[in-house]
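A.B. asks: This is the structure I want to talk about, given as structure tokens.
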Amino acid sequence: MSQVTLTGSCLCGAVKYEVVGEPTRFFHCHCSRCRKATGTGHASNMFVQPGTLKWLSGEDQVRNFKVPEAQRFTNSFCATCGGRVPRQAPGTDVVLVPAGSLDVEPPIKPQGRIFTAWRASWSCAGDEVPAYPERP
């Protein structure tokens with residue numbers, strides 16, 4: 001895949017962003033942290049690498065919550081509506097994009113369901129997307 005420009009926003013529209021780069025991975029994550037951060041059965045996250053994140057508006061509304069005991073998990077969201085927004089992984093060229101925040105069609109399809117060993121019994125499953133108990 002080649003470099004693309006992705007645009008998106010939070011639920012209330014206060015935060016708008018642009019991500020430029022190459023979408024390399026797209027997973028539905030069923031881990032308990034992703035479930036709690038989204039309030040749903042899984043989080044749908046796209047990884048853009050190398051990627052750059054630019055705030056078009058509302059950067060002052062972006063909040064980050066890092067789970068203290070987690071090595072990598074951080075939840076980035078709008079302070080007004082709580083809608084999830086992208087984040088740049090510190091010290092890397094990776095941008096994690098919550099796919100539901102995109103205002104454009106994702107250029108790649110989900111490649112798998114990850115951390116299905118922690119999938120809630122009521123959560124969706126059984127589609128053609130490969131499933132992995134942890135990371136592929």
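Each chain in the structure tokens gets a letter, A, B and so on, in the order shown; residues start at 1 in every chain, and ligands are counted from 1 in the order they appear.
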Just the residues within 12 Å of A:Ala125, please, counting only C-alpha atoms, with nothing from its chain fewer than 4 positions along; format it as a PyMOL selection string.

C.D. replies: chain A and resi 28-30+41-42+112-114+116+119-121+129-132

A.B. asks: Next, the residues of the selection above should be written as a compact mmCIF listing (two decimals), in the first residue's frame with N, CA and C atoms.

C.D. replies:
# COMPACT_ATOMS: atom_id res chain seq x y z
N HIS A 28 -9.31 -5.83 15.01
CA HIS A 28 -10.35 -5.71 16.03
C HIS A 28 -9.73 -6.32 17.29
N CYS A 29 -9.54 -5.52 18.32
CA CYS A 29 -8.90 -6.01 19.55
C CYS A 29 -9.96 -6.29 20.60
N HIS A 30 -9.94 -7.50 21.15
CA HIS A 30 -10.92 -7.93 22.14
C HIS A 30 -10.37 -7.93 23.57
N GLY A 41 -17.66 -4.50 22.47
CA GLY A 41 -17.02 -5.82 22.49
C GLY A 41 -15.59 -5.83 21.97
N HIS A 42 -15.20 -4.80 21.24
CA HIS A 42 -13.82 -4.72 20.75
C HIS A 42 -13.54 -3.31 20.26
N GLY A 112 -7.62 -9.10 11.20
CA GLY A 112 -7.82 -10.13 12.21
C GLY A 112 -8.46 -9.60 13.46
N ARG A 113 -8.90 -10.56 14.27
CA ARG A 113 -9.39 -10.28 15.61
C ARG A 113 -8.29 -10.74 16.55
N ILE A 114 -7.82 -9.82 17.41
CA ILE A 114 -6.71 -10.17 18.29
C ILE A 114 -7.17 -10.20 19.75
N THR A 116 -8.43 -12.66 21.31
CA THR A 116 -9.74 -13.31 21.42
C THR A 116 -9.82 -14.22 22.64
N ARG A 119 -12.01 -12.35 24.74
CA ARG A 119 -13.26 -11.90 24.14
C ARG A 119 -14.43 -12.15 25.08
N ALA A 120 -15.28 -11.15 25.23
CA ALA A 120 -16.49 -11.31 26.04
C ALA A 120 -17.43 -12.29 25.33
N SER A 121 -18.11 -13.11 26.08
CA SER A 121 -18.97 -14.13 25.48
C SER A 121 -20.06 -13.53 24.61
N VAL A 129 -12.97 -12.84 9.25
CA VAL A 129 -11.72 -12.26 9.71
C VAL A 129 -11.01 -13.28 10.62
N PRO A 130 -9.73 -13.57 10.34
CA PRO A 130 -9.00 -14.54 11.18
C PRO A 130 -8.97 -14.10 12.64
N ALA A 131 -8.97 -15.06 13.56
CA ALA A 131 -8.95 -14.78 14.99
C ALA A 131 -7.67 -15.33 15.61
N TYR A 132 -7.10 -14.55 16.53
CA TYR A 132 -5.85 -14.92 17.21
C TYR A 132 -6.05 -14.78 18.72

A.B. asks: Determine, counting only C-alpha atoms, which protein, DNA and RNA residues have an atom within 6 Å of an atom of A:Asn45; residues of the same chain fewer than 2 positions away are not included. Present the result as a list in words.

C.D. replies: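 Near neighbours after the sequence-gap exclusion: Phe26, Phe27, Val97, Pro98 and Ala99 of chain A.
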
A.B. asks: Please produce an output containing C-alpha atoms for each residue in the selection, written as an mmCIF file, in the first residue's frame.

C.D. replies:
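Final output, result.cif:
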data_model
loop_
_atom_site.group_PDB
_atom_site.id
_atom_site.type_symbol
_atom_site.label_atom_id
_atom_site.label_comp_id
_atom_site.auth_asym_id
_atom_site.auth_seq_id
_atom_site.Cartn_x
_atom_site.Cartn_y
_atom_site.Cartn_z
ATOM 1 C CA PHE A 26 -5.980 -3.084 11.029
ATOM 2 C CA PHE A 27 -7.267 -5.237 13.891
ATOM 3 C CA VAL A 97 -6.196 5.431 14.484
ATOM 4 C CA PRO A 98 -9.512 4.363 16.015
ATOM 5 C CA ALA A 99 -11.241 3.342 12.785
#

A.B. asks: Could you pull the residues within 12 Å of stretch 7-10 of chain A, counting only C-alpha atoms, minus those fewer than 5 positions along the same chain, as a PDB file with N, CA and C atoms, in the first residue's frame?

C.D. replies:
ATOM      1  N   VAL A  15     -12.790  18.028  17.766  1.00  0.00           N
ATOM      2  CA  VAL A  15     -11.446  17.587  17.408  1.00  0.00           C
ATOM      3  C   VAL A  15     -11.483  17.028  15.992  1.00  0.00           C
ATOM      4  N   LYS A  16     -10.650  17.601  15.134  1.00  0.00           N
ATOM      5  CA  LYS A  16     -10.508  17.120  13.752  1.00  0.00           C
ATOM      6  C   LYS A  16      -9.030  16.857  13.519  1.00  0.00           C
ATOM      7  N   TYR A  17      -8.751  15.816  12.750  1.00  0.00           N
ATOM      8  CA  TYR A  17      -7.355  15.435  12.533  1.00  0.00           C
ATOM      9  C   TYR A  17      -7.103  14.971  11.109  1.00  0.00           C
ATOM     10  N   GLU A  18      -5.815  14.876  10.806  1.00  0.00           N
ATOM     11  CA  GLU A  18      -5.351  14.331   9.533  1.00  0.00           C
ATOM     12  C   GLU A  18      -4.162  13.428   9.845  1.00  0.00           C
ATOM     13  N   VAL A  19      -4.164  12.240   9.282  1.00  0.00           N
ATOM     14  CA  VAL A  19      -3.050  11.307   9.416  1.00  0.00           C
ATOM     15  C   VAL A  19      -2.553  11.010   8.013  1.00  0.00           C
ATOM     16  N   VAL A  20      -1.250  11.174   7.818  1.00  0.00           N
ATOM     17  CA  VAL A  20      -0.632  10.882   6.531  1.00  0.00           C
ATOM     18  C   VAL A  20       0.366   9.755   6.733  1.00  0.00           C
ATOM     19  N   GLY A  21       0.294   8.742   5.894  1.00  0.00           N
ATOM     20  CA  GLY A  21       1.232   7.631   6.001  1.00  0.00           C
ATOM     21  C   GLY A  21       0.713   6.397   5.309  1.00  0.00           C
ATOM     22  N   THR A  52       2.238  10.385  10.268  1.00  0.00           N
ATOM     23  CA  THR A  52       2.287  11.658  10.981  1.00  0.00           C
ATOM     24  C   THR A  52       0.855  12.073  11.294  1.00  0.00           C
ATOM     25  N   LEU A  53       0.681  12.613  12.489  1.00  0.00           N
ATOM     26  CA  LEU A  53      -0.619  13.048  12.972  1.00  0.00           C
ATOM     27  C   LEU A  53      -0.616  14.557  13.076  1.00  0.00           C
ATOM     28  N   LYS A  54      -1.632  15.179  12.475  1.00  0.00           N
ATOM     29  CA  LYS A  54      -1.765  16.641  12.529  1.00  0.00           C
ATOM     30  C   LYS A  54      -3.168  16.956  13.026  1.00  0.00           C
ATOM     31  N   TRP A  55      -3.249  17.804  14.045  1.00  0.00           N
ATOM     32  CA  TRP A  55      -4.555  18.240  14.550  1.00  0.00           C
ATOM     33  C   TRP A  55      -5.024  19.412  13.704  1.00  0.00           C
ATOM     34  N   LEU A  56      -6.176  19.302  13.083  1.00  0.00           N
ATOM     35  CA  LEU A  56      -6.746  20.382  12.273  1.00  0.00           C
ATOM     36  C   LEU A  56      -7.530  21.351  13.138  1.00  0.00           C
ATOM     37  N   SER A  57      -8.130  20.855  14.220  1.00  0.00           N
ATOM     38  CA  SER A  57      -8.812  21.702  15.204  1.00  0.00           C
ATOM     39  C   SER A  57      -8.985  20.904  16.482  1.00  0.00           C
ATOM     40  N   GLY A  58      -9.119  21.631  17.585  1.00  0.00           N
ATOM     41  CA  GLY A  58      -9.443  21.003  18.855  1.00  0.00           C
ATOM     42  C   GLY A  58      -8.320  20.297  19.582  1.00  0.00           C
ATOM     43  N   GLU A  59      -7.072  20.535  19.208  1.00  0.00           N
ATOM     44  CA  GLU A  59      -5.969  19.851  19.893  1.00  0.00           C
ATOM     45  C   GLU A  59      -6.017  20.082  21.405  1.00  0.00           C
ATOM     46  N   GLN A  61      -8.496  20.056  23.187  1.00  0.00           N
ATOM     47  CA  GLN A  61      -9.533  19.199  23.767  1.00  0.00           C
ATOM     48  C   GLN A  61      -9.086  17.744  23.894  1.00  0.00           C
ATOM     49  N   VAL A  62      -7.918  17.402  23.342  1.00  0.00           N
ATOM     50  CA  VAL A  62      -7.443  16.015  23.364  1.00  0.00           C
ATOM     51  C   VAL A  62      -6.869  15.690  24.747  1.00  0.00           C
ATOM     52  N   SER A  76      -6.742   7.916  24.001  1.00  0.00           N
ATOM     53  CA  SER A  76      -6.806   9.330  23.634  1.00  0.00           C
ATOM     54  C   SER A  76      -8.234   9.651  23.224  1.00  0.00           C
ATOM     55  N   PHE A  77      -8.751  10.781  23.731  1.00  0.00           N
ATOM     56  CA  PHE A  77     -10.161  11.082  23.524  1.00  0.00           C
ATOM     57  C   PHE A  77     -10.420  12.574  23.624  1.00  0.00           C
ATOM     58  N   CYS A  78     -11.575  12.998  23.140  1.00  0.00           N
ATOM     59  CA  CYS A  78     -12.014  14.387  23.223  1.00  0.00           C
ATOM     60  C   CYS A  78     -12.563  14.655  24.622  1.00  0.00           C
ATOM     61  N   ALA A  79     -12.122  15.759  25.239  1.00  0.00           N
ATOM     62  CA  ALA A  79     -12.571  16.109  26.585  1.00  0.00           C
ATOM     63  C   ALA A  79     -14.049  16.489  26.622  1.00  0.00           C
ATOM     64  N   THR A  80     -14.608  16.927  25.503  1.00  0.00           N
ATOM     65  CA  THR A  80     -16.005  17.339  25.472  1.00  0.00           C
ATOM     66  C   THR A  80     -16.949  16.149  25.338  1.00  0.00           C
ATOM     67  N   CYS A  81     -16.714  15.284  24.361  1.00  0.00           N
ATOM     68  CA  CYS A  81     -17.665  14.203  24.086  1.00  0.00           C
ATOM     69  C   CYS A  81     -17.150  12.808  24.443  1.00  0.00           C
ATOM     70  N   GLY A  82     -15.860  12.673  24.705  1.00  0.00           N
ATOM     71  CA  GLY A  82     -15.298  11.362  25.033  1.00  0.00           C
ATOM     72  C   GLY A  82     -14.979  10.507  23.828  1.00  0.00           C
ATOM     73  N   GLY A  83     -15.242  11.022  22.622  1.00  0.00           N
ATOM     74  CA  GLY A  83     -14.952  10.258  21.408  1.00  0.00           C
ATOM     75  C   GLY A  83     -13.464   9.994  21.262  1.00  0.00           C
ATOM     76  N   ARG A  84     -13.130   8.760  20.911  1.00  0.00           N
ATOM     77  CA  ARG A  84     -11.724   8.376  20.758  1.00  0.00           C
ATOM     78  C   ARG A  84     -11.114   9.037  19.528  1.00  0.00           C
ATOM     79  N   VAL A  85      -9.846   9.414  19.653  1.00  0.00           N
ATOM     80  CA  VAL A  85      -9.093  10.048  18.574  1.00  0.00           C
ATOM     81  C   VAL A  85      -7.727   9.373  18.465  1.00  0.00           C
ATOM     82  N   PRO A  86      -7.011   9.599  17.362  1.00  0.00           N
ATOM     83  CA  PRO A  86      -5.711   8.939  17.175  1.00  0.00           C
ATOM     84  C   PRO A  86      -4.670   9.378  18.191  1.00  0.00           C
ATOM     85  N   VAL A  97      -4.967   4.729  14.857  1.00  0.00           N
ATOM     86  CA  VAL A  97      -6.196   5.431  14.484  1.00  0.00           C
ATOM     87  C   VAL A  97      -7.405   4.583  14.858  1.00  0.00           C
ATOM     88  N   PRO A  98      -8.260   5.069  15.779  1.00  0.00           N
ATOM     89  CA  PRO A  98      -9.512   4.363  16.015  1.00  0.00           C
ATOM     90  C   PRO A  98     -10.362   4.455  14.741  1.00  0.00           C
ATOM     91  N   ALA A  99     -10.597   3.335  14.098  1.00  0.00           N
ATOM     92  CA  ALA A  99     -11.241   3.342  12.785  1.00  0.00           C
ATOM     93  C   ALA A  99     -12.605   4.007  12.794  1.00  0.00           C
ATOM     94  N   GLY A 100     -13.318   3.930  13.889  1.00  0.00           N
ATOM     95  CA  GLY A 100     -14.638   4.548  13.978  1.00  0.00           C
ATOM     96  C   GLY A 100     -14.596   6.066  13.961  1.00  0.00           C
ATOM     97  N   SER A 101     -13.433   6.658  14.188  1.00  0.00           N
ATOM     98  CA  SER A 101     -13.317   8.118  14.172  1.00  0.00           C
ATOM     99  C   SER A 101     -13.034   8.667  12.775  1.00  0.00           C
ATOM    100  N   LEU A 102     -12.789   7.778  11.821  1.00  0.00           N
ATOM    101  CA  LEU A 102     -12.489   8.228  10.458  1.00  0.00           C
ATOM    102  C   LEU A 102     -13.718   8.837   9.790  1.00  0.00           C
ATOM    103  N   ASP A 103     -13.494   9.899   9.028  1.00  0.00           N
ATOM    104  CA  ASP A 103     -14.548  10.505   8.214  1.00  0.00           C
ATOM    105  C   ASP A 103     -14.469  10.027   6.770  1.00  0.00           C
ATOM    106  N   VAL A 104     -13.534   9.136   6.490  1.00  0.00           N
ATOM    107  CA  VAL A 104     -13.334   8.559   5.166  1.00  0.00           C
ATOM    108  C   VAL A 104     -13.326   7.037   5.299  1.00  0.00           C
ATOM    109  N   GLU A 105     -13.522   6.356   4.202  1.00  0.00           N
ATOM    110  CA  GLU A 105     -13.485   4.888   4.197  1.00  0.00           C
ATOM    111  C   GLU A 105     -12.047   4.418   4.438  1.00  0.00           C
ATOM    112  N   PRO A 106     -11.825   3.478   5.362  1.00  0.00           N
ATOM    113  CA  PRO A 106     -10.465   2.974   5.572  1.00  0.00           C
ATOM    114  C   PRO A 106      -9.932   2.342   4.283  1.00  0.00           C
ATOM    115  N   PRO A 107      -8.658   2.577   3.969  1.00  0.00           N
ATOM    116  CA  PRO A 107      -8.092   2.042   2.726  1.00  0.00           C
ATOM    117  C   PRO A 107      -7.749   0.558   2.790  1.00  0.00           C
TER     118      PRO A 107
END

A.B. asks: Using DSSP on the backbone coordinates, identify the residues of stretch 15-101 of chain A assigned to helix (DSSP H, G or I); present them as a list in words.

C.D. replies: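 Restricting stretch 15-101 of chain A to helix (DSSP H, G or I) produces Ser32, Arg33, Cys34, Arg35, Lys36, Ala37, Thr38, Glu59, Asp60, Gln61, Ala99, Gly100 and Ser101 of chain A.
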
A.B. asks: Among stretch 22-136 of chain A, which residues carry a DSSP assignment of strand (DSSP E), reported as an NGL selection string?

C.D. replies: :A and (22-29 or 43-57 or 62-66 or 74-78 or 87-88 or 95-98 or 112-114)

A.B. asks: Would you save the residues of that selection, restricted to N, CA and C atoms, as a CSV table (one decimal), in the first residue's frame?

C.D. replies:
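Result saved to selection_21.csv:
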chain,number,residue,atom,x,y,z
A,22,GLU,N,1.3,5.3,5.7
A,22,GLU,CA,1.0,4.0,5.1
A,22,GLU,C,0.2,3.1,6.1
A,23,PRO,N,-1.1,2.8,5.8
A,23,PRO,CA,-1.8,1.9,6.7
A,23,PRO,C,-1.2,0.5,6.6
A,24,THR,N,-0.7,0.0,7.7
A,24,THR,CA,0.0,-1.3,7.6
A,24,THR,C,-0.8,-2.4,8.3
A,25,ARG,N,-1.6,-2.1,9.3
A,25,ARG,CA,-2.3,-3.1,10.1
A,25,ARG,C,-3.7,-2.6,10.5
A,26,PHE,N,-4.6,-3.5,10.6
A,26,PHE,CA,-6.0,-3.1,11.0
A,26,PHE,C,-6.6,-4.3,11.8
A,27,PHE,N,-6.8,-4.1,13.1
A,27,PHE,CA,-7.3,-5.2,13.9
A,27,PHE,C,-8.5,-4.8,14.7
A,28,HIS,N,-9.3,-5.8,15.0
A,28,HIS,CA,-10.4,-5.7,16.0
A,28,HIS,C,-9.7,-6.3,17.3
A,29,CYS,N,-9.5,-5.5,18.3
A,29,CYS,CA,-8.9,-6.0,19.5
A,29,CYS,C,-10.0,-6.3,20.6
A,43,ALA,N,-12.3,-3.0,20.1
A,43,ALA,CA,-11.8,-1.8,19.5
A,43,ALA,C,-11.3,-2.1,18.1
A,44,SER,N,-11.6,-1.2,17.1
A,44,SER,CA,-11.2,-1.4,15.8
A,44,SER,C,-10.1,-0.4,15.5
A,45,ASN,N,-8.8,-0.8,15.5
A,45,ASN,CA,-7.7,0.1,15.3
A,45,ASN,C,-6.9,-0.1,14.1
A,46,MET,N,-6.6,1.0,13.4
A,46,MET,CA,-5.7,0.9,12.3
A,46,MET,C,-4.3,1.5,12.7
A,47,PHE,N,-3.3,0.9,12.2
A,47,PHE,CA,-1.9,1.4,12.5
A,47,PHE,C,-1.4,2.0,11.2
A,48,VAL,N,-0.9,3.2,11.3
A,48,VAL,CA,-0.3,3.9,10.1
A,48,VAL,C,1.2,4.1,10.4
A,49,GLN,N,2.0,3.5,9.6
A,49,GLN,CA,3.5,3.5,9.8
A,49,GLN,C,4.2,3.4,8.5
A,50,PRO,N,5.1,4.4,8.2
A,50,PRO,CA,5.3,5.6,9.0
A,50,PRO,C,4.1,6.5,8.8
A,51,GLY,N,3.8,7.2,9.9
A,51,GLY,CA,2.7,8.1,9.9
A,51,GLY,C,2.9,9.4,10.7
A,52,THR,N,2.2,10.4,10.3
A,52,THR,CA,2.3,11.7,11.0
A,52,THR,C,0.9,12.1,11.3
A,53,LEU,N,0.7,12.6,12.5
A,53,LEU,CA,-0.6,13.0,13.0
A,53,LEU,C,-0.6,14.6,13.1
A,54,LYS,N,-1.6,15.2,12.5
A,54,LYS,CA,-1.8,16.6,12.5
A,54,LYS,C,-3.2,17.0,13.0
A,55,TRP,N,-3.2,17.8,14.0
A,55,TRP,CA,-4.6,18.2,14.6
A,55,TRP,C,-5.0,19.4,13.7
A,56,LEU,N,-6.2,19.3,13.1
A,56,LEU,CA,-6.7,20.4,12.3
A,56,LEU,C,-7.5,21.4,13.1
A,57,SER,N,-8.1,20.9,14.2
A,57,SER,CA,-8.8,21.7,15.2
A,57,SER,C,-9.0,20.9,16.5
A,62,VAL,N,-7.9,17.4,23.3
A,62,VAL,CA,-7.4,16.0,23.4
A,62,VAL,C,-6.9,15.7,24.7
A,63,ARG,N,-7.4,14.6,25.3
A,63,ARG,CA,-6.9,14.1,26.6
A,63,ARG,C,-6.3,12.7,26.4
A,64,ASN,N,-5.4,12.3,27.2
A,64,ASN,CA,-4.8,11.0,27.2
A,64,ASN,C,-4.8,10.4,28.5
A,65,PHE,N,-5.3,9.1,28.6
A,65,PHE,CA,-5.2,8.4,29.8
A,65,PHE,C,-4.3,7.1,29.6
A,66,LYS,N,-3.2,7.1,30.3
A,66,LYS,CA,-2.3,5.9,30.2
A,66,LYS,C,-2.6,5.0,31.4
A,74,THR,N,-2.7,3.4,26.0
A,74,THR,CA,-3.1,4.8,26.3
A,74,THR,C,-4.4,5.0,25.5
A,75,ASN,N,-5.4,5.7,26.2
A,75,ASN,CA,-6.6,6.0,25.5
A,75,ASN,C,-6.6,7.5,25.3
A,76,SER,N,-6.7,7.9,24.0
A,76,SER,CA,-6.8,9.3,23.6
A,76,SER,C,-8.2,9.7,23.2
A,77,PHE,N,-8.8,10.8,23.7
A,77,PHE,CA,-10.2,11.1,23.5
A,77,PHE,C,-10.4,12.6,23.6
A,78,CYS,N,-11.6,13.0,23.1
A,78,CYS,CA,-12.0,14.4,23.2
A,78,CYS,C,-12.6,14.7,24.6
A,87,ARG,N,-3.6,8.6,18.2
A,87,ARG,CA,-2.5,9.0,19.1
A,87,ARG,C,-1.2,8.5,18.4
A,88,GLN,N,-0.1,9.3,18.6
A,88,GLN,CA,1.2,9.0,18.0
A,88,GLN,C,1.9,8.2,19.2
A,95,VAL,N,1.2,5.8,14.1
A,95,VAL,CA,0.0,6.4,14.6
A,95,VAL,C,-1.1,5.4,14.7
A,96,LEU,N,-1.8,5.3,15.8
A,96,LEU,CA,-2.9,4.4,16.0
A,96,LEU,C,-4.2,5.2,15.8
A,97,VAL,N,-5.0,4.7,14.9
A,97,VAL,CA,-6.2,5.4,14.5
A,97,VAL,C,-7.4,4.6,14.9
A,98,PRO,N,-8.3,5.1,15.8
A,98,PRO,CA,-9.5,4.4,16.0
A,98,PRO,C,-10.4,4.5,14.7
A,112,GLY,N,-7.6,-9.1,11.2
A,112,GLY,CA,-7.8,-10.1,12.2
A,112,GLY,C,-8.5,-9.6,13.5
A,113,ARG,N,-8.9,-10.6,14.3
A,113,ARG,CA,-9.4,-10.3,15.6
A,113,ARG,C,-8.3,-10.7,16.6
A,114,ILE,N,-7.8,-9.8,17.4
A,114,ILE,CA,-6.7,-10.2,18.3
A,114,ILE,C,-7.2,-10.2,19.8

A.B. asks: Find, counting only C-alpha atoms, the residue in A:Leu6, A:Thr40, A:Cys12, A:Cys31 that gets nearest to A:Ser123.

C.D. replies: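 Among the listed residues, A:Thr40 lies closest to A:Ser123.
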
A.B. asks: Of the candidates A:Val67, A:Pro133, A:Val94, A:Asp127, which one gets nearest to A:Pro110 if we count only C-alpha atoms?

C.D. replies: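 Ranked by minimum distance to A:Pro110, first place goes to A:Asp127.
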
A.B. asks: Between atom CA of A:Lys36 and atom CA of A:Thr5, what is the distance, to one decimal in Å?

C.D. replies: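 About the pair atom CA of A:Lys36 and atom CA of A:Thr5: they are 29.0 Å apart.
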
A.B. asks: Mind giving me the straight-line distance from atom CA of A:Gln3 to atom CA of A:Glu134 in Å, one decimal?

C.D. replies: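 Atom-to-atom, atom CA of A:Gln3 to atom CA of A:Glu134, that is 28.3 Å.
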
A.B. asks: Using only C-alpha atoms for the distances, tell me which of A:Ile108, A:Ala117, A:Ala37, A:Ala14 is nearest to A:Ser2.

C.D. replies: A:Ile108
